[in-house]
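Asker: Before we start, here is the structure in question, set down as structure tokens.
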Amino acid sequence: MTATLPTHFSPGTPTPDSSYPGAFGPGGPAQPSLSGYDEFLPTGRTPLGDYLTFLWLPRRLPGWAEGTRRYRTWTVNTLLDSPLARRAIEDLGVLEIERYFAHRAITPWDTTGELPKAGSLKGLHDTLRASLNDAKKYGFIRDNPCTGVELPRADSTQAQIWTPEQVQSFLESTRRSRYVTLWRLLFATGLRRGEALGLQWADVDLVGRRLTVRRNLQADSREGNVRYGPPKSRRSTRTITIDPGTAEALDRWRRMRETEHGAWLADLEKRLNGYRTPGARLLELPRELPDDSPVFANPDGTPMLPSTVSDTFRRQVAKSGLPVMRLHDARHTHLTHLLRSGEPIQNVSAPAGHGSSFTTLTTYAHVIAGDDERTAARAAGLFGD
């Protein structure tokens, strides 16, 4: 079976080197095929670019969620635009890789003129390390040089964490906004943006105060190119219990959506009557809000666009006068609050959709309750002070 790889996609990132024959996107094959990769057998002398293009990426691609596919394809494209791409995989060394990342860290992206963030450098390194781990597993190389690589320091985006009082102040300042129920749900559950926008009413049990994450809403543009995909990972498919106040907010939102749905139907029927052939009957339309309709929808029932949601959140935060935060920081605020409150890490990891408690621990170790002061107080017990 022939499949195709996604083309280069990410705005604000460098364009792959058009001179490299394996580059995906501008200058490379428009729709590179996976049909021949089963016959491609690398050796230690295979250039990194060929190894990534013809074996590693097409082999790994089918097992990834849509967002991961797109991001990893971007990282491969970027590595193809590097001097490393033409080096034999067995010749790659720690010093050479560190020199590449040192140069990459001080070289602005062609399309934006901005320097790479720490997350971008880490993403490139993660892809290179993972691909060479596979090369080692299959015996193409003896050791993975990435294990000894130290990445250069780069500017990173620090998560903004709001206090409970700041969250309450924001929800109060946006209480008349169409988005306030969505804001509350994000802070109450730590759902990712696409997970919340992917919810349908069939996924929500208001009586049992539970909701199930089954899909992720994705959009490539601000013009409504919307599609649903699976959640980020296998463990991201999960059922979450919500607090009574959030359940009440969702119930009020549903009743408003039912009113909007009825008004939309009445308007649609009025307009269709103007085009109806005399004696013809209109198709019976559902009077109740369909279970498969999006929870967070516009008045006409179409799903809210991720880009519109993020833009609205940014404007409302600025208007509130609170510290600037990204929409994703609502998730960080939720998880940080739970951990600082002493919630067991396994109780936080599963509802968050993390692959394991280790992921939660490594990401949020610095905020877990009882850090420096509590530890010092316990240590003082040695002295009976």
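By order of appearance in the structure tokens: chains A, B, ..., then residues from 1 within every chain, and ligands from 1 in the order shown.
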Going by DSSP on the backbone, which bits of range 109-342 of chain A are strand (DSSP E or B)? Write them as a list in words, please.

Answerer: Gln200, Val204, Asp205, Arg210, Leu211, Thr212, Val213, Asn216, Leu217, Gln218, Ala219, Val226, Arg227, Tyr228, Gly229, Arg238, Thr239, Ile240, Thr241, Pro294, Ala297 and Pro303 of chain A

Asker: Based on the selection just made, write N, CA and C atoms of those residues as a PDB file, in the first residue's frame.

Answerer:
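File written: selection29.pdb
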ATOM      1  N   GLN A 200     -18.079  16.248  22.529  1.00  0.00           N
ATOM      2  CA  GLN A 200     -19.464  16.278  22.063  1.00  0.00           C
ATOM      3  C   GLN A 200     -20.372  16.015  23.266  1.00  0.00           C
ATOM      4  N   VAL A 204     -20.474  13.878  27.654  1.00  0.00           N
ATOM      5  CA  VAL A 204     -20.658  14.577  28.927  1.00  0.00           C
ATOM      6  C   VAL A 204     -21.840  13.983  29.690  1.00  0.00           C
ATOM      7  N   ASP A 205     -21.581  13.535  30.909  1.00  0.00           N
ATOM      8  CA  ASP A 205     -22.621  13.040  31.817  1.00  0.00           C
ATOM      9  C   ASP A 205     -22.772  14.064  32.938  1.00  0.00           C
ATOM     10  N   ARG A 210     -19.246  13.544  34.941  1.00  0.00           N
ATOM     11  CA  ARG A 210     -18.090  12.925  34.296  1.00  0.00           C
ATOM     12  C   ARG A 210     -18.085  13.285  32.818  1.00  0.00           C
ATOM     13  N   LEU A 211     -16.905  13.399  32.265  1.00  0.00           N
ATOM     14  CA  LEU A 211     -16.777  13.593  30.827  1.00  0.00           C
ATOM     15  C   LEU A 211     -15.657  12.693  30.306  1.00  0.00           C
ATOM     16  N   THR A 212     -15.793  12.285  29.053  1.00  0.00           N
ATOM     17  CA  THR A 212     -14.840  11.369  28.442  1.00  0.00           C
ATOM     18  C   THR A 212     -14.152  12.032  27.261  1.00  0.00           C
ATOM     19  N   VAL A 213     -12.824  12.003  27.254  1.00  0.00           N
ATOM     20  CA  VAL A 213     -12.025  12.552  26.159  1.00  0.00           C
ATOM     21  C   VAL A 213     -11.826  11.446  25.134  1.00  0.00           C
ATOM     22  N   ASN A 216      -9.763  14.866  19.435  1.00  0.00           N
ATOM     23  CA  ASN A 216      -9.027  16.124  19.502  1.00  0.00           C
ATOM     24  C   ASN A 216      -9.423  16.960  18.287  1.00  0.00           C
ATOM     25  N   LEU A 217      -9.863  18.182  18.510  1.00  0.00           N
ATOM     26  CA  LEU A 217     -10.223  19.054  17.395  1.00  0.00           C
ATOM     27  C   LEU A 217      -8.977  19.749  16.886  1.00  0.00           C
ATOM     28  N   GLN A 218      -8.747  19.634  15.587  1.00  0.00           N
ATOM     29  CA  GLN A 218      -7.570  20.225  14.976  1.00  0.00           C
ATOM     30  C   GLN A 218      -8.007  21.178  13.885  1.00  0.00           C
ATOM     31  N   ALA A 219      -7.240  22.221  13.680  1.00  0.00           N
ATOM     32  CA  ALA A 219      -7.529  23.177  12.615  1.00  0.00           C
ATOM     33  C   ALA A 219      -6.223  23.711  12.068  1.00  0.00           C
ATOM     34  N   VAL A 226     -11.378  22.490   9.650  1.00  0.00           N
ATOM     35  CA  VAL A 226     -11.467  21.779  10.921  1.00  0.00           C
ATOM     36  C   VAL A 226     -11.590  20.287  10.682  1.00  0.00           C
ATOM     37  N   ARG A 227     -10.919  19.509  11.522  1.00  0.00           N
ATOM     38  CA  ARG A 227     -11.087  18.064  11.483  1.00  0.00           C
ATOM     39  C   ARG A 227     -10.839  17.517  12.886  1.00  0.00           C
ATOM     40  N   TYR A 228     -11.397  16.337  13.124  1.00  0.00           N
ATOM     41  CA  TYR A 228     -11.201  15.669  14.394  1.00  0.00           C
ATOM     42  C   TYR A 228     -10.174  14.557  14.219  1.00  0.00           C
ATOM     43  N   GLY A 229      -9.336  14.400  15.243  1.00  0.00           N
ATOM     44  CA  GLY A 229      -8.367  13.324  15.256  1.00  0.00           C
ATOM     45  C   GLY A 229      -8.353  12.669  16.616  1.00  0.00           C
ATOM     46  N   ARG A 238      -9.541   9.186  28.071  1.00  0.00           N
ATOM     47  CA  ARG A 238      -9.757   9.003  29.502  1.00  0.00           C
ATOM     48  C   ARG A 238     -11.096   9.598  29.919  1.00  0.00           C
ATOM     49  N   THR A 239     -11.547   9.208  31.108  1.00  0.00           N
ATOM     50  CA  THR A 239     -12.760   9.757  31.701  1.00  0.00           C
ATOM     51  C   THR A 239     -12.385  10.548  32.944  1.00  0.00           C
ATOM     52  N   ILE A 240     -12.951  11.749  33.069  1.00  0.00           N
ATOM     53  CA  ILE A 240     -12.597  12.682  34.138  1.00  0.00           C
ATOM     54  C   ILE A 240     -13.847  13.051  34.927  1.00  0.00           C
ATOM     55  N   THR A 241     -13.718  13.100  36.239  1.00  0.00           N
ATOM     56  CA  THR A 241     -14.790  13.602  37.099  1.00  0.00           C
ATOM     57  C   THR A 241     -14.633  15.112  37.266  1.00  0.00           C
ATOM     58  N   PRO A 294     -20.905  19.537  18.849  1.00  0.00           N
ATOM     59  CA  PRO A 294     -19.814  19.941  19.741  1.00  0.00           C
ATOM     60  C   PRO A 294     -20.334  20.666  20.967  1.00  0.00           C
ATOM     61  N   ALA A 297     -19.645  25.347  20.835  1.00  0.00           N
ATOM     62  CA  ALA A 297     -20.020  25.650  19.457  1.00  0.00           C
ATOM     63  C   ALA A 297     -20.439  27.102  19.332  1.00  0.00           C
ATOM     64  N   PRO A 303     -18.275  24.152  15.297  1.00  0.00           N
ATOM     65  CA  PRO A 303     -17.349  24.162  16.434  1.00  0.00           C
ATOM     66  C   PRO A 303     -16.540  25.449  16.507  1.00  0.00           C
TER      67      PRO A 303
END

Asker: What lies within 8 Å of range 184-190 of chain A using only C-alpha atoms, ignoring chain neighbours under 6 positions off, as a PyMOL selection string?

Answerer: chain A and resi 167+171+196+240+242-243+246+330-335+351-352

Asker: Looking at only C-alpha atoms, which of A:Arg214, A:Arg209, A:Arg86, A:Arg234 is the one that sits closest to Glu195 in chain A?

Answerer: A:Arg214

Asker: Restricting the calculation to only C-alpha atoms: of A:Leu84, A:Ala318, A:Leu199, A:Leu121, which residue gets closest to Val295 in chain A?

Answerer: A:Leu199

Asker: Between A:Arg192, A:His328, A:Ser177, A:Trp201, single out the one closest to Gln316 in chain A, counting only C-alpha atoms.

Answerer: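 Closest to Gln316 in chain A of all the choices is A:Ser177.
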
Asker: Could you check the closest approach to Asp292 in chain A for each of A:Asp91, A:Glu66, A:Asp203, A:Asp134 and tell me which residue wins, using only C-alpha atoms?

Answerer: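 Nearest candidate to Asp292 in chain A out of A:Asp91, A:Glu66, A:Asp203, A:Asp134: A:Asp203.
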
Asker: Can you pull out the residues contacting His261 in chain A? Cut-off 10 Å, using only C-alpha atoms, and skip same-chain residues under 2 positions away; I want them as a CSV table (one decimal) with N, CA and C atoms, in the first residue's frame.

Answerer:
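Written output follows (part.csv):
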chain,number,residue,atom,x,y,z
A,255,ARG,N,-28.3,24.4,28.3
A,255,ARG,CA,-29.6,25.0,28.1
A,255,ARG,C,-29.6,26.2,27.2
A,256,MET,N,-28.5,27.0,27.2
A,256,MET,CA,-28.4,28.1,26.3
A,256,MET,C,-28.2,27.6,24.9
A,257,ARG,N,-27.4,26.5,24.7
A,257,ARG,CA,-27.2,26.0,23.4
A,257,ARG,C,-28.5,25.4,22.8
A,258,GLU,N,-29.3,24.8,23.7
A,258,GLU,CA,-30.6,24.3,23.2
A,258,GLU,C,-31.5,25.4,22.7
A,259,THR,N,-31.5,26.5,23.4
A,259,THR,CA,-32.3,27.7,23.0
A,259,THR,C,-31.7,28.2,21.6
A,263,ALA,N,-33.7,28.4,17.9
A,263,ALA,CA,-33.7,29.6,17.1
A,263,ALA,C,-33.1,29.4,15.8
A,264,TRP,N,-32.0,28.7,15.7
A,264,TRP,CA,-31.4,28.4,14.4
A,264,TRP,C,-32.3,27.6,13.5
A,265,LEU,N,-33.0,26.6,14.1
A,265,LEU,CA,-33.9,25.8,13.3
A,265,LEU,C,-35.0,26.6,12.7
A,266,ALA,N,-35.6,27.4,13.6
A,266,ALA,CA,-36.7,28.3,13.2
A,266,ALA,C,-36.3,29.2,12.0
A,267,ASP,N,-35.1,29.8,12.1
A,267,ASP,CA,-34.6,30.7,11.1
A,267,ASP,C,-34.4,29.9,9.8
A,286,PRO,N,-33.9,17.6,13.4
A,286,PRO,CA,-34.0,17.3,14.8
A,286,PRO,C,-34.3,18.5,15.7
A,287,ARG,N,-35.3,18.4,16.6
A,287,ARG,CA,-35.7,19.5,17.4
A,287,ARG,C,-34.7,19.7,18.6
A,288,GLU,N,-34.2,18.6,19.1
A,288,GLU,CA,-33.3,18.6,20.2
A,288,GLU,C,-31.8,18.7,19.8
A,289,LEU,N,-31.0,19.2,20.7
A,289,LEU,CA,-29.6,19.4,20.4
A,289,LEU,C,-29.0,18.0,20.2
A,290,PRO,N,-28.4,17.7,19.0
A,290,PRO,CA,-27.9,16.3,18.8
A,290,PRO,C,-26.8,16.0,19.7
A,299,PRO,N,-23.2,29.9,17.6
A,299,PRO,CA,-24.7,29.9,17.6
A,299,PRO,C,-25.2,29.0,16.5
A,300,ASP,N,-24.5,28.9,15.4
A,300,ASP,CA,-25.1,28.1,14.3
A,300,ASP,C,-24.7,26.6,14.4
A,301,GLY,N,-24.0,26.2,15.5
A,301,GLY,CA,-23.7,24.9,15.8
A,301,GLY,C,-22.3,24.4,15.3

Asker: In terms of the shortest atom-to-atom distance over only C-alpha atoms, which of A:Gly123, A:Arg326, A:Phe313, A:Ser236 is closest to Ser349 in chain A?

Answerer: A:Ser236

Asker: Using DSSP on the backbone coordinates, identify the residues of range 106-154 of chain A assigned to alpha helix (DSSP H); present them as a list in words.

Answerer: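 Matching residues, listed in order: Ala118, Gly119, Ser120, Leu121, Lys122, Gly123, Leu124, His125, Asp126, Thr127, Leu128, Arg129, Ala130, Ser131, Leu132, Asn133, Asp134, Ala135, Lys136 and Lys137 of chain A.
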
Asker: Can you write out the residues you just picked, keeping N, CA and C atoms, as a compact mmCIF listing (two decimals), in the first residue's frame?

Answerer:
# COMPACT_ATOMS: atom_id res chain seq x y z
N ALA A 118 14.17 27.23 23.43
CA ALA A 118 14.72 26.01 24.01
C ALA A 118 13.90 24.79 23.62
N GLY A 119 12.57 24.95 23.54
CA GLY A 119 11.71 23.83 23.18
C GLY A 119 11.96 23.33 21.77
N SER A 120 12.27 24.25 20.85
CA SER A 120 12.56 23.84 19.48
C SER A 120 13.86 23.05 19.41
N LEU A 121 14.88 23.52 20.12
CA LEU A 121 16.16 22.80 20.13
C LEU A 121 15.99 21.41 20.76
N LYS A 122 15.21 21.35 21.83
CA LYS A 122 14.98 20.06 22.47
C LYS A 122 14.21 19.12 21.55
N GLY A 123 13.24 19.65 20.80
CA GLY A 123 12.49 18.82 19.87
C GLY A 123 13.37 18.24 18.78
N LEU A 124 14.28 19.05 18.26
CA LEU A 124 15.22 18.57 17.25
C LEU A 124 16.12 17.48 17.82
N HIS A 125 16.60 17.74 19.03
CA HIS A 125 17.48 16.76 19.67
C HIS A 125 16.74 15.47 19.99
N ASP A 126 15.49 15.57 20.43
CA ASP A 126 14.70 14.38 20.74
C ASP A 126 14.51 13.52 19.50
N THR A 127 14.24 14.15 18.37
CA THR A 127 14.07 13.39 17.13
C THR A 127 15.36 12.72 16.71
N LEU A 128 16.48 13.46 16.77
CA LEU A 128 17.76 12.89 16.39
C LEU A 128 18.12 11.73 17.32
N ARG A 129 17.93 11.93 18.60
CA ARG A 129 18.26 10.88 19.57
C ARG A 129 17.41 9.63 19.35
N ALA A 130 16.10 9.82 19.15
CA ALA A 130 15.20 8.68 18.95
C ALA A 130 15.55 7.92 17.68
N SER A 131 15.88 8.65 16.63
CA SER A 131 16.21 7.97 15.37
C SER A 131 17.51 7.18 15.50
N LEU A 132 18.50 7.72 16.21
CA LEU A 132 19.76 7.02 16.37
C LEU A 132 19.64 5.89 17.39
N ASN A 133 18.70 6.01 18.32
CA ASN A 133 18.42 4.87 19.21
C ASN A 133 17.95 3.67 18.39
N ASP A 134 17.09 3.93 17.40
CA ASP A 134 16.64 2.84 16.52
C ASP A 134 17.79 2.29 15.69
N ALA A 135 18.66 3.20 15.22
CA ALA A 135 19.82 2.74 14.43
C ALA A 135 20.72 1.84 15.28
N LYS A 136 20.86 2.16 16.55
CA LYS A 136 21.65 1.32 17.45
C LYS A 136 20.95 -0.01 17.69
N LYS A 137 19.65 0.02 17.89
CA LYS A 137 18.89 -1.20 18.15
C LYS A 137 19.02 -2.18 16.98

Asker: In terms of the shortest atom-to-atom distance over only C-alpha atoms, which of A:Gly194, A:Gly44, A:Pro108, A:Pro83 is closest to Glu96 in chain A?

Answerer: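 Once distances to Glu96 in chain A are computed over only C-alpha atoms, the minimum belongs to A:Pro83.
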
Asker: Considering only C-alpha atoms, return as a list in words whatever protein or nucleic-acid residues lie within 9 Å of Gly93 in chain A, sequence-local ones (same chain, fewer than 5 positions apart) excluded.

Answerer: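 In the requested format, the answer is Glu98, Asn144, Pro145 and Cys146 of chain A.
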
Asker: Grab the CA of Leu48 in chain A to CA of Ile89 in chain A distance for me, in Å with one decimal place.

Answerer: 5.3 Å
